[in-house]
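Novice: Got my_file_3.tsv for you, TSV, C-alpha atoms:
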chain	number	residue	atom	x	y	z
B	1313	MET	CA	-63.78	-3.37	-32.67
B	1314	LYS	CA	-64.48	-0.99	-29.81
B	1315	SER	CA	-63.58	-3.66	-27.23
B	1316	VAL	CA	-60.24	-4.27	-28.98
B	1317	LEU	CA	-59.42	-0.57	-28.95
B	1318	ALA	CA	-60.39	-0.29	-25.29
B	1319	GLY	CA	-58.14	-3.22	-24.38
B	1320	LEU	CA	-55.26	-1.72	-26.36
B	1321	GLY	CA	-55.69	1.62	-24.57
B	1322	LEU	CA	-55.66	-0.05	-21.17
B	1323	SER	CA	-52.50	-1.95	-22.04
B	1324	LEU	CA	-50.76	1.25	-23.17
B	1325	ALA	CA	-51.78	2.99	-19.93
B	1326	LEU	CA	-50.37	0.15	-17.81
B	1327	VAL	CA	-47.11	0.19	-19.79
B	1328	SER	CA	-46.81	3.97	-19.33
B	1329	ALA	CA	-47.44	3.67	-15.59
B	1330	ALA	CA	-44.85	0.94	-15.28
B	1331	GLN	CA	-42.31	3.02	-17.20
B	1332	ALA	CA	-43.05	6.01	-14.99
B	1333	GLN	CA	-42.60	3.92	-11.86
B	1334	PHE	CA	-39.61	1.80	-12.84
B	1335	GLY	CA	-38.12	3.27	-15.93
B	1336	GLY	CA	-37.39	6.88	-14.91
B	1337	PRO	CA	-34.80	8.03	-12.34
B	1338	SER	CA	-36.10	8.02	-8.77
B	1339	PRO	CA	-35.26	11.00	-6.53
B	1340	VAL	CA	-33.44	9.94	-3.35
B	1341	GLU	CA	-31.47	11.40	-0.46
B	1342	LEU	CA	-28.15	9.86	0.53
B	1343	SER	CA	-25.98	9.41	3.57
B	1344	GLU	CA	-22.74	7.54	4.10
B	1345	ALA	CA	-21.80	4.35	5.92
B	1346	ARG	CA	-19.12	5.10	8.44
B	1347	LEU	CA	-16.94	3.53	11.10
B	1348	THR	CA	-17.81	4.69	14.58
B	1349	ARG	CA	-17.48	3.61	18.19
B	1350	MET	CA	-20.58	2.16	19.85
B	1351	ALA	CA	-21.56	0.01	22.79
B	1352	PRO	CA	-24.64	-2.09	23.45
B	1353	THR	CA	-27.13	-0.21	25.59
B	1354	MET	CA	-30.22	-0.64	27.69
B	1355	GLN	CA	-32.82	1.79	28.99
B	1356	VAL	CA	-33.53	2.32	32.67
B	1357	ALA	CA	-36.24	4.39	34.31
B	1358	GLY	CA	-35.39	7.79	35.74
B	1359	THR	CA	-37.18	10.71	37.34
B	1360	VAL	CA	-36.67	14.46	37.09
B	1361	VAL	CA	-36.06	15.90	40.57
B	1362	SER	CA	-35.06	19.28	41.92
B	1363	ARG	CA	-31.69	19.59	43.61
B	1364	SER	CA	-33.31	22.06	46.03
B	1365	ASP	CA	-36.46	20.45	47.44
B	1366	ALA	CA	-37.17	20.92	51.15
B	1367	PHE	CA	-39.92	20.89	53.74
B	1368	LEU	CA	-39.60	24.04	55.86
B	1369	SER	CA	-40.51	23.52	59.52
B	1370	ALA	CA	-41.43	25.73	62.45
B	1371	GLU	CA	-38.53	26.59	64.76
B	1372	VAL	CA	-40.64	28.03	67.59
B	1373	ASP	CA	-43.99	27.09	69.12
B	1374	GLY	CA	-46.96	29.26	68.26
B	1375	ARG	CA	-49.96	29.93	66.09
B	1376	LEU	CA	-49.49	30.43	62.37
B	1377	MET	CA	-50.53	33.92	61.36
B	1378	GLU	CA	-49.99	33.55	57.60
B	1379	VAL	CA	-48.67	31.03	55.06
B	1380	ALA	CA	-47.80	31.68	51.41
B	1381	ASP	CA	-50.19	30.21	48.84
B	1382	VAL	CA	-49.24	27.18	46.76
B	1383	GLY	CA	-47.56	28.32	43.56
B	1384	THR	CA	-46.05	31.45	45.09
B	1385	ARG	CA	-42.63	32.22	43.61
B	1386	VAL	CA	-40.11	33.41	46.21
B	1387	GLU	CA	-36.49	34.45	46.32
B	1388	ALA	CA	-33.94	33.41	48.91
B	1389	GLY	CA	-34.68	35.26	52.15
B	1390	ASP	CA	-38.35	36.00	51.41
B	1391	VAL	CA	-40.83	35.32	54.23
B	1392	ILE	CA	-43.01	32.28	53.48
B	1393	ALA	CA	-44.84	31.92	56.80
B	1394	ARG	CA	-45.17	33.89	60.04
B	1395	ILE	CA	-45.82	32.66	63.59
B	1396	GLU	CA	-47.39	34.81	66.29
B	1397	ASP	CA	-44.67	36.64	68.26
B	1398	THR	CA	-46.58	38.67	70.88
B	1399	GLY	CA	-45.26	36.71	73.88
B	1400	LEU	CA	-41.69	36.86	72.65
B	1401	ARG	CA	-41.84	40.61	72.02
B	1402	LEU	CA	-43.14	41.21	75.56
B	1403	ARG	CA	-40.38	39.02	76.97
B	1404	ALA	CA	-37.81	41.01	74.98
B	1405	GLN	CA	-39.14	44.26	76.47
B	1406	GLU	CA	-38.92	42.78	79.97
B	1407	LEU	CA	-35.31	41.71	79.44
B	1408	ALA	CA	-34.41	45.11	78.02
B	1409	ALA	CA	-35.68	46.70	81.28
B	1410	GLU	CA	-33.65	44.21	83.34
B	1411	ILE	CA	-30.57	45.18	81.36
B	1412	ASN	CA	-31.13	48.85	82.21
B	1413	ARG	CA	-31.44	47.97	85.91
B	1414	ALA	CA	-28.32	45.80	85.83
B	1415	GLU	CA	-26.35	48.53	84.07
B	1416	ALA	CA	-27.44	51.11	86.66
B	1417	ARG	CA	-26.36	48.87	89.57
B	1418	LEU	CA	-23.04	48.16	87.84
B	1419	ARG	CA	-22.35	51.89	87.42
B	1420	PHE	CA	-23.15	52.47	91.11
B	1421	LEU	CA	-20.82	49.70	92.29
B	1422	GLU	CA	-17.99	50.88	90.05
B	1423	ALA	CA	-18.33	54.37	91.47
B	1424	GLU	CA	-18.40	52.97	95.03
B	1425	LEU	CA	-15.28	50.92	94.38
B	1426	THR	CA	-13.44	53.97	93.04
B	1427	ARG	CA	-14.44	56.02	96.13
B	1428	PHE	CA	-13.37	53.30	98.59
B	1429	GLU	CA	-10.03	52.92	96.84
B	1430	ARG	CA	-9.37	56.67	97.25
B	1431	LEU	CA	-10.29	56.50	100.94
B	1432	ALA	CA	-8.05	53.49	101.45
B	1433	ALA	CA	-5.12	55.54	100.27
B	1434	THR	CA	-5.58	57.72	103.40
B	1435	ASN	CA	-6.51	54.79	105.65
B	1436	LEU	CA	-10.13	55.92	105.87
B	1437	ALA	CA	-11.64	52.75	104.36
B	1438	ALA	CA	-11.24	49.12	105.42
B	1439	VAL	CA	-9.71	46.59	103.03
B	1440	SER	CA	-12.64	44.23	103.63
B	1441	GLN	CA	-15.08	46.90	102.53
B	1442	ILE	CA	-13.14	47.37	99.29
B	1443	GLU	CA	-13.08	43.62	98.63
B	1444	GLN	CA	-16.81	43.31	99.26
B	1445	THR	CA	-17.59	46.17	96.87
B	1446	ARG	CA	-15.28	44.68	94.23
B	1447	SER	CA	-17.05	41.30	94.59
B	1448	GLU	CA	-20.47	42.89	94.24
B	1449	ARG	CA	-19.21	44.78	91.17
B	1450	ASP	CA	-18.05	41.50	89.57
B	1451	VAL	CA	-21.36	39.78	90.36
B	1452	ALA	CA	-23.26	42.70	88.82
B	1453	THR	CA	-21.09	42.42	85.67
B	1454	SER	CA	-21.93	38.72	85.36
B	1455	ASP	CA	-25.64	39.39	85.96
B	1456	LEU	CA	-25.61	41.96	83.16
B	1457	ALA	CA	-23.95	39.46	80.75
B	1458	VAL	CA	-26.58	36.83	81.64
B	1459	VAL	CA	-29.47	39.17	80.96
B	1460	ARG	CA	-27.96	40.32	77.68
B	1461	SER	CA	-27.55	36.67	76.64
B	1462	ARG	CA	-31.20	35.97	77.49
B	1463	LEU	CA	-32.27	38.94	75.39
B	1464	SER	CA	-30.20	37.68	72.47
B	1465	GLN	CA	-31.89	34.28	72.76
B	1466	VAL	CA	-35.34	35.88	72.71
B	1467	GLU	CA	-34.37	38.04	69.71
B	1468	ASP	CA	-33.18	34.90	67.93
B	1469	GLN	CA	-36.54	33.24	68.65
B	1470	LEU	CA	-38.29	36.36	67.37
B	1471	ALA	CA	-36.37	36.09	64.10
B	1472	ARG	CA	-37.36	32.43	63.82
B	1473	THR	CA	-41.06	33.31	63.95
B	1474	ARG	CA	-40.51	34.30	60.30
B	1475	ILE	CA	-40.01	31.19	58.15
B	1476	THR	CA	-37.86	32.36	55.22
B	1477	ALA	CA	-36.88	30.71	51.95
B	1478	PRO	CA	-33.34	29.24	52.08
B	1479	PHE	CA	-33.22	29.21	48.26
B	1480	PRO	CA	-35.31	30.59	45.38
B	1481	GLY	CA	-38.23	28.42	44.41
B	1482	VAL	CA	-41.96	27.79	44.31
B	1483	VAL	CA	-44.22	26.85	47.22
B	1484	ALA	CA	-45.30	23.36	46.17
B	1485	GLU	CA	-47.35	22.35	49.22
B	1486	ARG	CA	-48.88	23.85	52.36
B	1487	VAL	CA	-48.74	21.28	55.15
B	1488	ALA	CA	-50.17	23.63	57.80
B	1489	GLN	CA	-52.73	26.40	57.40
B	1490	ALA	CA	-52.96	29.86	58.94
B	1491	GLY	CA	-54.60	29.67	62.36
B	1492	GLU	CA	-53.18	26.27	63.29
B	1493	ARG	CA	-50.84	25.92	66.23
B	1494	VAL	CA	-47.50	24.38	65.37
B	1495	ALA	CA	-44.73	22.93	67.50
B	1496	VAL	CA	-40.99	23.06	66.97
B	1497	GLY	CA	-40.10	20.81	64.02
B	1498	ALA	CA	-43.63	20.70	62.56
B	1499	ARG	CA	-43.65	20.92	58.75
B	1500	VAL	CA	-45.28	24.03	57.35
B	1501	VAL	CA	-44.55	24.29	53.60
B	1502	ARG	CA	-42.66	22.46	50.88
B	1503	LEU	CA	-40.37	24.62	48.75
B	1504	VAL	CA	-39.05	23.41	45.38
B	1505	ASN	CA	-36.63	25.13	43.01
B	1506	PRO	CA	-37.80	24.25	39.45
B	1507	ASP	CA	-34.71	25.82	37.88
B	1508	SER	CA	-32.14	23.46	39.43
B	1509	LEU	CA	-32.97	20.04	38.02
B	1510	GLU	CA	-31.36	16.66	37.65
B	1511	VAL	CA	-32.41	13.16	36.62
B	1512	VAL	CA	-32.08	10.33	39.13
B	1513	ALA	CA	-31.92	6.83	37.63
B	1514	ARG	CA	-30.98	3.40	38.94
B	1515	ALA	CA	-29.31	0.67	36.91
B	1516	PRO	CA	-28.10	-2.89	37.63
B	1517	LEU	CA	-24.78	-3.05	39.45
B	1518	ASN	CA	-23.42	-5.30	36.68
B	1519	PHE	CA	-23.09	-2.25	34.43
B	1520	TYR	CA	-21.57	0.13	36.99
B	1521	ARG	CA	-18.10	0.12	35.40
B	1522	TYR	CA	-19.45	1.31	32.05
B	1523	VAL	CA	-20.89	4.59	33.43
B	1524	LYS	CA	-18.57	7.36	34.62
B	1525	PRO	CA	-19.05	10.99	35.71
B	1526	GLY	CA	-18.86	13.26	32.69
B	1527	ASP	CA	-20.32	10.72	30.24
B	1528	GLU	CA	-23.19	12.05	28.13
B	1529	LEU	CA	-26.15	9.68	28.12
B	1530	GLY	CA	-29.28	9.81	26.01
B	1531	MET	CA	-32.63	10.46	27.67
B	1532	ASP	CA	-36.08	9.84	26.24
B	1533	VAL	CA	-38.42	12.47	27.70
B	1534	ALA	CA	-41.99	12.03	26.47
B	1535	GLY	CA	-40.74	11.13	22.99
B	1536	ARG	CA	-38.01	13.79	22.90
B	1537	GLU	CA	-34.37	12.76	22.77
B	1538	LEU	CA	-32.08	14.76	25.06
B	1539	LEU	CA	-28.47	14.41	26.15
B	1540	GLY	CA	-27.43	14.79	29.77
B	1541	PRO	CA	-23.95	14.65	31.34
B	1542	VAL	CA	-23.55	12.29	34.28
B	1543	ARG	CA	-22.91	14.42	37.36
B	1544	THR	CA	-22.21	11.64	39.83
B	1545	VAL	CA	-22.44	7.88	40.23
B	1546	VAL	CA	-23.27	6.31	43.59
B	1547	SER	CA	-22.00	2.72	43.64
B	1548	VAL	CA	-23.97	1.57	46.67
B	1549	GLY	CA	-26.45	-1.28	46.37
B	1550	ASP	CA	-28.26	-3.39	48.94
B	1551	GLU	CA	-29.47	-6.95	49.33
B	1552	ALA	CA	-32.97	-6.13	48.12
B	1553	ARG	CA	-32.05	-4.06	45.08
B	1554	HIS	CA	-28.74	-4.73	43.31
B	1555	VAL	CA	-28.65	-1.35	41.60
B	1556	PHE	CA	-26.49	1.76	41.61
B	1557	GLU	CA	-27.67	5.35	41.33
B	1558	LEU	CA	-26.62	7.86	38.70
B	1559	ARG	CA	-27.56	11.52	38.50
B	1560	LEU	CA	-27.57	13.54	35.29
B	1561	ASP	CA	-27.66	17.32	34.92
B	1562	VAL	CA	-30.65	18.75	33.06
B	1563	THR	CA	-30.62	22.09	31.26
B	1564	GLU	CA	-34.10	21.77	29.73
B	1565	SER	CA	-37.16	23.15	31.53
B	1566	LEU	CA	-38.95	19.98	32.68
B	1567	PRO	CA	-41.59	19.40	35.36
B	1568	VAL	CA	-40.35	17.91	38.61
B	1569	GLY	CA	-41.48	14.29	38.76
B	1570	GLN	CA	-41.35	13.73	34.98
B	1571	THR	CA	-40.53	10.12	34.08
B	1572	VAL	CA	-37.65	9.62	31.63
B	1573	ARG	CA	-35.83	6.69	30.07
B	1574	VAL	CA	-32.05	6.85	30.38
B	1575	THR	CA	-29.89	4.89	27.93
B	1576	ILE	CA	-26.79	3.39	29.57
B	1577	PRO	CA	-24.00	1.27	28.01
B	1578	THR	CA	-23.87	-2.38	29.00
B	1579	ALA	CA	-20.43	-3.24	27.56
B	1580	ASP	CA	-17.20	-1.60	26.45
B	1581	MET	CA	-17.12	0.62	23.36
B	1582	ARG	CA	-16.03	-1.00	20.08
B	1583	GLU	CA	-15.58	0.15	16.49
B	1584	VAL	CA	-18.42	-0.85	14.16
B	1585	LEU	CA	-19.69	-0.03	10.68
B	1586	ALA	CA	-22.91	1.94	11.03
B	1587	VAL	CA	-25.59	3.48	8.80
B	1588	PRO	CA	-28.54	5.75	9.63
B	1589	ARG	CA	-31.61	3.80	10.74
B	1590	ASP	CA	-33.57	5.36	7.85
B	1591	ALA	CA	-31.36	3.44	5.42
B	1592	LEU	CA	-32.82	0.10	6.51
B	1593	VAL	CA	-35.49	-1.42	4.26
B	1594	LEU	CA	-37.57	-4.06	6.04
B	1595	ARG	CA	-39.19	-6.59	3.70
B	1596	GLY	CA	-40.38	-10.14	3.88
B	1597	ASP	CA	-37.02	-11.58	2.82
B	1598	GLY	CA	-35.06	-9.69	5.48
B	1599	ILE	CA	-33.30	-6.40	6.08
B	1600	ALA	CA	-31.50	-4.60	3.26
B	1601	VAL	CA	-30.01	-1.25	2.31
B	1602	PHE	CA	-29.69	0.39	-1.11
B	1603	ILE	CA	-26.24	1.58	-2.16
B	1604	VAL	CA	-25.87	4.09	-4.97
B	1605	ASP	CA	-22.92	3.26	-7.24
B	1606	ALA	CA	-20.84	5.69	-9.29
B	1607	ASP	CA	-23.20	5.36	-12.28
B	1608	ASN	CA	-26.15	6.51	-10.10
B	1609	THR	CA	-27.83	3.12	-10.05
B	1610	ALA	CA	-29.21	1.54	-6.91
B	1611	ARG	CA	-27.84	-1.75	-5.67
B	1612	ARG	CA	-29.70	-3.72	-2.99
B	1613	ILE	CA	-27.66	-5.64	-0.44
B	1614	ARG	CA	-28.75	-7.81	2.48
B	1615	VAL	CA	-27.41	-6.83	5.91
B	1616	THR	CA	-27.75	-7.88	9.50
B	1617	THR	CA	-28.08	-5.31	12.25
B	1618	GLY	CA	-26.35	-5.05	15.61
B	1619	ILE	CA	-26.14	-2.44	18.33
B	1620	GLY	CA	-27.47	1.06	17.84
B	1621	THR	CA	-26.99	4.52	19.30
B	1622	GLY	CA	-29.43	7.30	18.49
B	1623	GLU	CA	-30.04	7.49	14.74
B	1624	TRP	CA	-27.18	5.14	13.86
B	1625	ILE	CA	-27.15	1.35	13.87
B	1626	GLU	CA	-24.47	-1.27	13.29
B	1627	VAL	CA	-24.72	-3.32	10.08
B	1628	SER	CA	-22.71	-6.20	8.68
B	1629	GLY	CA	-22.69	-7.51	5.12
B	1630	PRO	CA	-21.17	-6.59	1.73
B	1631	ILE	CA	-20.91	-2.90	2.63
B	1632	GLN	CA	-17.92	-0.72	3.35
B	1633	ALA	CA	-17.22	2.58	5.06
B	1634	GLY	CA	-17.85	5.43	2.62
B	1635	ASP	CA	-20.57	3.67	0.61
B	1636	LYS	CA	-23.46	5.97	-0.30
B	1637	VAL	CA	-26.67	4.62	1.21
B	1638	VAL	CA	-30.21	5.79	0.43
B	1639	ILE	CA	-32.06	7.23	3.44
B	1640	ARG	CA	-35.04	8.85	1.62
B	1641	GLY	CA	-36.91	7.38	-1.31
B	1642	ASN	CA	-35.79	3.80	-0.73
B	1643	GLU	CA	-39.30	2.43	-0.13
B	1644	ARG	CA	-40.06	1.81	-3.86
B	1645	LEU	CA	-36.54	1.39	-5.22
B	1646	ARG	CA	-35.68	-1.66	-7.29
B	1647	PRO	CA	-32.21	-3.14	-7.83
B	1648	GLY	CA	-30.51	-1.54	-10.84
B	1649	GLN	CA	-32.89	1.42	-10.96
B	1650	GLU	CA	-31.38	4.78	-11.88
B	1651	VAL	CA	-31.63	7.52	-9.21
B	1652	THR	CA	-31.21	11.27	-8.97
B	1653	VAL	CA	-29.77	12.70	-5.79
B	1654	ARG	CA	-31.66	15.54	-4.14
B	1655	GLY	CA	-30.83	17.61	-1.08
In structure tokens, what does this structure look like?
Specialist:
Amino acid sequence: MKSVLAGLGLSLALVSAAQAQFGGPSPVELSEARLTRMAPTMQVAGTVVSRSDAFLSAEVDGRLMEVADVGTRVEAGDVIARIEDTGLRLRAQELAAEINRAEARLRFLEAELTRFERLAATNLAAVSQIEQTRSERDVATSDLAVVRSRLSQVEDQLARTRITAPFPGVVAERVAQAGERVAVGARVVRLVNPDSLEVVARAPLNFYRYVKPGDELGMDVAGRELLGPVRTVVSVGDEARHVFELRLDVTESLPVGQTVRVTIPTADMREVLAVPRDALVLRGDGIAVFIVDADNTARRIRVTTGIGTGEWIEVSGPIQAGDKVVIRGNERLRPGQEVTVRG
């Protein structure tokens, strides 16, 4: 008798569980099938780069006195490195003294020329003497201009002993260290602006006509989906690599060198019927979606998928634009089951 009662209790429990699972309304969240324009896509590799990334070189010979540490943040015009300038400063002092001497001689010759011209008016000075003094005055004027030019050149070299930042950024690398002797053109530091970024990607030339400046393309950055406008497209390939280059603006703060995946179209846009990807139910007999009818019952229909963009994917089958599709709670739904809409 006890075994009969136990079996009856188990049967009642199973019936109750089945009613709870299949008999009661199931809470679901809905979206809507819609017509939209899509194109088939592919992903290509890209890299985050800085639009201001430069190696700063020495412009005069000399010994490095100091170099900014790696990681130093600088503004445009800040001194990053300094080269010894003792010899140039001494040369500038020497040229300044030569300028004083040349100016003194020029003043003397101008005064002499004025005096000879007054004497010539009373026939007390020879014309040849006046011409000679005028010639010497002109030569002294030229000599003074030459010395001033030499001083300007030395002052320019003195200014170039200070390597300054051409744009704001961060010192990313020190190629030369303080104490080393550098020649003209030798690299000293690498300066990178981490606030002016773009993504550089390369795609097959076959798809060049489907990408235009201003288009917004999707980018997968370490699992995050971002959108970036195409700034420029460079349609230049070569025999080794039949690819074109595209550059996308980046407003997010990303590390320079970060690898990204850029989604580009591979055909013209066309109008398709699309549903959210969450509406797809993948089972052994194929792909299906659940549509909620006016009487709040779920109807399962088989579909085939096509191209996708972001969270939306093309579907074809007995489904129309405006149909309510289940995007949450569709894992355990059964055809004909009653649902309650939440959210």
Novice: Counting only C-alpha atoms, figure out which residue out of B:Arg1589, B:Arg1612, B:Arg1595, B:Arg1462 gets nearest to B:Ser1343.
Specialist: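 Looking only at the distances to B:Ser1343, the closest residue turns out to be B:Arg1589.
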Novice: So the first atom is atom CA of B:Arg1472 and the second is atom CA of B:Ala1495; what is the distance between them in Å, to one decimal place?
Specialist: 12.6 Å
Novice: Please provide the set of residues having any atom within 9 Å of stretch 1640-1647 of chain B, restricted to all atoms listed in the file, with same-chain residues fewer than 2 positions apart removed, written as number ranges by chain.
Specialist: B: 1333-1334, 1338-1342, 1590-1593, 1601-1602, 1609-1612, 1638, 1649-1651
Novice: Would you kindly return, as an MDAnalysis selection string, each protein, DNA or RNA residue with an atom no farther than 10 Å from any atom of B:Arg1514, considering all atoms listed in the file and excluding same-chain residues fewer than 3 positions away?
Specialist: chainID B and resid 1356:1359 1517 1545:1546 1549 1553:1559 1574
Novice: Extract, using only C-alpha atoms, all DNA, RNA and protein residues at most 9 Å from B:Lys1524, discarding same-chain residues fewer than 6 positions from it, and format them as an NGL selection string.
Specialist: :B and (1542-1545)
Novice: Enumerate, as a list in words, the protein, DNA and RNA residues whose atoms approach (-20.7, -0.3, 22.6) to within 10 Å, taking into account all atoms listed in the file and the coordinate frame of the file.
Specialist: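 Using all atoms listed in the file, the matching residues come out as Thr1348, Arg1349, Met1350, Ala1351, Pro1352, Thr1353, Tyr1522, Ile1576, Pro1577, Thr1578, Ala1579, Asp1580, Met1581, Arg1582, Glu1583, Val1584, Ile1619, Gly1620 and Thr1621 of chain B.
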Novice: Nearest residue to B:Leu1402 out of B:Ala1416, B:Gly1383, B:Val1466, B:Ser1508, using all atoms listed in the file?
Specialist: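 Among B:Ala1416, B:Gly1383, B:Val1466, B:Ser1508, it is B:Val1466 that comes nearest to B:Leu1402.
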Novice: What's the separation between atom CA of B:Ser1464 and atom CA of B:Arg1502, in Å to one decimal place?
Specialist: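 About the pair atom CA of B:Ser1464 and atom CA of B:Arg1502: they are 29.2 Å apart.
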Novice: Which residues come within 12 Å of stretch 1363-1366 of chain B, counting all atoms listed in the file, excluding same-chain residues fewer than 3 positions away, as a PyMOL selection string?
Specialist: chain B and resi 1360+1369+1388+1477-1485+1499-1512+1543+1559-1562+1568-1569
Novice: Have a look at atom CA of B:Ala1490 and atom CA of B:Leu1368 and let me know their distance in Å, one decimal.
Specialist: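 Between atom CA of B:Ala1490 and atom CA of B:Leu1368 the gap works out to 14.9 Å.
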Novice: Would you mind telling me which residue in B:Ala1534, B:Ile1475, B:Leu1585, B:Leu1456 lies nearest to B:Ile1411 when using all atoms listed in the file?
Specialist: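 Of the candidates, the smallest distance to B:Ile1411 is held by B:Leu1456.
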Novice: Could you give me, as JSON, numbers by chain, the residues within 9 Å of B:Glu1467, counting only C-alpha atoms and dropping anything in the same chain fewer than 6 positions from it?
Specialist: {"B": [1400, 1401, 1404]}
Novice: With distances taken over only C-alpha atoms, which of B:Leu1470, B:Ala1393, B:Val1439, B:Ala1600 is nearest to B:Pro1630?
Specialist: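 Of the candidates, the smallest distance to B:Pro1630 is held by B:Ala1600.
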